[in-house]
Amino acid sequence: MNAIAAIEAMQGPLTEAISLMGGVTDFNGVRGDVAAGRLQVFATGGSILLAEVQQYRLAKVLQLCYGAGALHEMEPWFEKVLEWGKEQGCTKVVMVGRRGWERTFLGRYLLPKYIVMEGSL
């Protein structure tokens with residue numbers, strides 16, 4: 001299944017995950033970013049994870065952007081996501097997620113480090 005077909009198959013749950021970011025994009029924007037190659041899609045069964053490489057002055061960072069589906073389905077292939085990031089030259093991986101994710105398998109790879117604060121302008 002290609003990347004566009006994978007996100008379209010998960011449109012409902014993925015739209016919900018996108019909305020949790022507070023209106024910074026929508027499903028059509030994500031579809032465009034996938035089509036342009038700015039977002040990498042990792043999917044299997046009923047789970048999907050979208051990631052992007054962010055280039056900073058001194059480092060590349062793998063940003064885990066949006067995920068949907070069952071975490072237990074992602075666990076077997078999550079290391080492939082990290083390996084892909086390394087292949088792109090990333091030296092760090094980051095994600096924003098709800099409290100409690102550190103108690104899942106993600107806690108073996110990612111540690112809570114900061115809080116995210118948000119405001120409207």
# chains A, B, ... in the order shown; residues from 1 in each chain; ligands from 1
$ select_by_dssp --residues "stretch 63-94 of chain A" --states "strand (DSSP E or B)" --output "list in words"
Gln63, Leu64, Cys65, Tyr66, Gly67, Ala68, Cys90, Thr91, Lys92, Val93 and Val94 of chain A
$ write_last_selection --atoms "C-alpha atoms" --output "JSON list (two decimals), in the first residue's frame"
[["chain", "number", "residue", "atom", "x", "y", "z"],
["A", 63, "GLN", "CA", 9.86, 14.35, 14.86],
["A", 64, "LEU", "CA", 7.07, 11.83, 15.42],
["A", 65, "CYS", "CA", 4.14, 13.97, 14.29],
["A", 66, "TYR", "CA", 0.88, 12.04, 14.21],
["A", 67, "GLY", "CA", -0.12, 8.55, 15.17],
["A", 68, "ALA", "CA", -3.36, 6.62, 15.21],
["A", 90, "CYS", "CA", 18.95, 12.18, 12.73],
["A", 91, "THR", "CA", 20.64, 12.09, 16.12],
["A", 92, "LYS", "CA", 17.51, 12.67, 18.24],
["A", 93, "VAL", "CA", 13.87, 11.68, 18.21],
["A", 94, "VAL", "CA", 11.09, 13.77, 19.75]]
$ residues_around --residues "A:Met74" --least-positions-apart "4" --cutoff "7 Å" --atoms "only C-alpha atoms" --output "ChimeraX atom specification"
/A:47,70,78
$ write_last_selection --atoms "N, CA and C atoms" --output "PDB file, in the first residue's frame"
ATOM      1  N   SER A  47      -2.861   0.600  12.276  1.00  0.00           N
ATOM      2  CA  SER A  47      -2.051   1.607  12.965  1.00  0.00           C
ATOM      3  C   SER A  47      -1.193   2.370  11.975  1.00  0.00           C
ATOM      4  N   ALA A  70      -3.711   1.275  17.232  1.00  0.00           N
ATOM      5  CA  ALA A  70      -3.354   0.561  18.461  1.00  0.00           C
ATOM      6  C   ALA A  70      -1.843   0.562  18.670  1.00  0.00           C
ATOM      7  N   PHE A  78       8.302  -0.322  15.530  1.00  0.00           N
ATOM      8  CA  PHE A  78       8.751   1.011  15.939  1.00  0.00           C
ATOM      9  C   PHE A  78      10.259   1.192  15.765  1.00  0.00           C
TER      10      PHE A  78
END
$ residues_around --residues "A:Trp101" --least-positions-apart "5" --cutoff "12 Å" --atoms "only C-alpha atoms" --output "VMD selection string"
chain A and resid 71 95 to 96 106 to 112
$ write_last_selection --atoms "C-alpha atoms" --output "compact mmCIF listing (two decimals), in the first residue's frame"
# COMPACT_ATOMS: atom_id res chain seq x y z
CA LEU A 71 0.02 1.05 20.14
CA MET A 95 7.32 13.65 20.03
CA VAL A 96 4.51 15.48 21.74
CA LEU A 106 7.48 4.21 23.94
CA GLY A 107 9.01 4.70 27.40
CA ARG A 108 11.81 2.34 26.38
CA TYR A 109 12.84 4.79 23.65
CA LEU A 110 11.67 8.22 24.79
CA LEU A 111 11.84 9.92 28.17
CA PRO A 112 9.64 12.78 29.36
$ residues_around --residues "A:Gln88" --least-positions-apart "5" --cutoff "9 Å" --atoms "only C-alpha atoms" --output "ChimeraX atom specification"
/A:53,60,62,83
$ closest_residue --among "A:Arg57, A:Leu14, A:Arg99, A:Gly46" --to "A:Glu73" --atoms "only C-alpha atoms"
A:Gly46
$ atom_distance --atom1 "atom CA of A:Lys80" --atom2 "atom CA of A:Ile115"
26.9 Å
$ closest_residue --among "A:Asn2, A:Ala36, A:Val81, A:Gly12" --to "A:Leu50" --atoms "only C-alpha atoms"
A:Val81
$ closest_residue --among "A:Gly22, A:Gly85, A:Gly32, A:Pro76" --to "A:Ala51" --atoms "only C-alpha atoms"
A:Gly85
$ select_by_dssp --residues "stretch 26-72 of chain A" --states "alpha helix (DSSP H)" --output "PyMOL selection string"
chain A and resi 27-35+71-72
$ atom_distance --atom1 "atom CA of A:Ala17" --atom2 "atom CA of A:Ala43"
14.8 Å
$ closest_residue --among "A:Val24, A:Lys86, A:Gly119, A:Glu75" --to "A:Phe105" --atoms "only C-alpha atoms"
A:Glu75
$ atom_distance --atom1 "atom CA of A:Gly45" --atom2 "atom CA of A:Gly69"
8.8 Å
$ decode --residues "stretch 38-55 of chain A" --atoms "N, CA, C and O atoms" --output "PDB file, in the first residue's frame"
ATOM      1  N   ARG A  38       7.397  15.384   2.584  1.00  0.00           N
ATOM      2  CA  ARG A  38       7.809  16.022   3.833  1.00  0.00           C
ATOM      3  C   ARG A  38       7.486  15.164   5.055  1.00  0.00           C
ATOM      4  O   ARG A  38       8.126  15.284   6.082  1.00  0.00           O
ATOM      5  N   LEU A  39       6.478  14.318   4.942  1.00  0.00           N
ATOM      6  CA  LEU A  39       6.119  13.392   6.010  1.00  0.00           C
ATOM      7  C   LEU A  39       6.317  11.970   5.527  1.00  0.00           C
ATOM      8  O   LEU A  39       5.913  11.621   4.419  1.00  0.00           O
ATOM      9  N   GLN A  40       6.935  11.161   6.352  1.00  0.00           N
ATOM     10  CA  GLN A  40       7.138   9.746   6.076  1.00  0.00           C
ATOM     11  C   GLN A  40       6.034   8.968   6.767  1.00  0.00           C
ATOM     12  O   GLN A  40       5.703   9.260   7.924  1.00  0.00           O
ATOM     13  N   VAL A  41       5.467   7.983   6.098  1.00  0.00           N
ATOM     14  CA  VAL A  41       4.366   7.199   6.645  1.00  0.00           C
ATOM     15  C   VAL A  41       4.856   5.798   6.988  1.00  0.00           C
ATOM     16  O   VAL A  41       5.482   5.126   6.168  1.00  0.00           O
ATOM     17  N   PHE A  42       4.548   5.378   8.210  1.00  0.00           N
ATOM     18  CA  PHE A  42       4.800   4.013   8.661  1.00  0.00           C
ATOM     19  C   PHE A  42       3.438   3.457   9.056  1.00  0.00           C
ATOM     20  O   PHE A  42       2.747   4.049   9.882  1.00  0.00           O
ATOM     21  N   ALA A  43       3.031   2.355   8.452  1.00  0.00           N
ATOM     22  CA  ALA A  43       1.690   1.833   8.715  1.00  0.00           C
ATOM     23  C   ALA A  43       1.673   0.321   8.614  1.00  0.00           C
ATOM     24  O   ALA A  43       2.440  -0.277   7.860  1.00  0.00           O
ATOM     25  N   THR A  44       0.780  -0.257   9.378  1.00  0.00           N
ATOM     26  CA  THR A  44       0.509  -1.680   9.292  1.00  0.00           C
ATOM     27  C   THR A  44      -0.845  -1.939   9.926  1.00  0.00           C
ATOM     28  O   THR A  44      -1.202  -1.269  10.896  1.00  0.00           O
ATOM     29  N   GLY A  45      -1.571  -2.859   9.380  1.00  0.00           N
ATOM     30  CA  GLY A  45      -2.879  -3.180   9.951  1.00  0.00           C
ATOM     31  C   GLY A  45      -3.697  -1.935  10.189  1.00  0.00           C
ATOM     32  O   GLY A  45      -3.917  -1.146   9.286  1.00  0.00           O
ATOM     33  N   GLY A  46      -4.104  -1.740  11.418  1.00  0.00           N
ATOM     34  CA  GLY A  46      -4.915  -0.589  11.774  1.00  0.00           C
ATOM     35  C   GLY A  46      -4.155   0.482  12.518  1.00  0.00           C
ATOM     36  O   GLY A  46      -4.738   1.195  13.334  1.00  0.00           O
ATOM     37  N   SER A  47      -2.861   0.600  12.276  1.00  0.00           N
ATOM     38  CA  SER A  47      -2.051   1.607  12.965  1.00  0.00           C
ATOM     39  C   SER A  47      -1.193   2.370  11.975  1.00  0.00           C
ATOM     40  O   SER A  47      -0.753   1.828  10.969  1.00  0.00           O
ATOM     41  N   ILE A  48      -0.949   3.640  12.311  1.00  0.00           N
ATOM     42  CA  ILE A  48      -0.168   4.500  11.425  1.00  0.00           C
ATOM     43  C   ILE A  48       0.611   5.509  12.257  1.00  0.00           C
ATOM     44  O   ILE A  48       0.158   5.945  13.308  1.00  0.00           O
ATOM     45  N   LEU A  49       1.792   5.842  11.773  1.00  0.00           N
ATOM     46  CA  LEU A  49       2.639   6.846  12.414  1.00  0.00           C
ATOM     47  C   LEU A  49       3.267   7.688  11.314  1.00  0.00           C
ATOM     48  O   LEU A  49       3.789   7.149  10.345  1.00  0.00           O
ATOM     49  N   LEU A  50       3.188   9.004  11.459  1.00  0.00           N
ATOM     50  CA  LEU A  50       3.781   9.928  10.490  1.00  0.00           C
ATOM     51  C   LEU A  50       4.925  10.657  11.166  1.00  0.00           C
ATOM     52  O   LEU A  50       4.798  11.096  12.312  1.00  0.00           O
ATOM     53  N   ALA A  51       6.026  10.776  10.450  1.00  0.00           N
ATOM     54  CA  ALA A  51       7.219  11.403  11.006  1.00  0.00           C
ATOM     55  C   ALA A  51       7.843  12.326   9.983  1.00  0.00           C
ATOM     56  O   ALA A  51       7.623  12.180   8.776  1.00  0.00           O
ATOM     57  N   GLU A  52       8.620  13.275  10.471  1.00  0.00           N
ATOM     58  CA  GLU A  52       9.365  14.151   9.578  1.00  0.00           C
ATOM     59  C   GLU A  52      10.742  14.410  10.145  1.00  0.00           C
ATOM     60  O   GLU A  52      10.966  14.310  11.352  1.00  0.00           O
ATOM     61  N   VAL A  53      11.658  14.738   9.264  1.00  0.00           N
ATOM     62  CA  VAL A  53      13.007  15.115   9.661  1.00  0.00           C
ATOM     63  C   VAL A  53      13.045  16.635   9.737  1.00  0.00           C
ATOM     64  O   VAL A  53      12.682  17.317   8.776  1.00  0.00           O
ATOM     65  N   GLN A  54      13.459  17.136  10.881  1.00  0.00           N
ATOM     66  CA  GLN A  54      13.599  18.577  11.060  1.00  0.00           C
ATOM     67  C   GLN A  54      15.084  18.904  11.121  1.00  0.00           C
ATOM     68  O   GLN A  54      15.816  18.328  11.933  1.00  0.00           O
ATOM     69  N   GLN A  55      15.515  19.798  10.267  1.00  0.00           N
ATOM     70  CA  GLN A  55      16.918  20.206  10.219  1.00  0.00           C
ATOM     71  C   GLN A  55      17.105  21.462  11.066  1.00  0.00           C
ATOM     72  O   GLN A  55      16.515  22.495  10.794  1.00  0.00           O
TER      73      GLN A  55
END
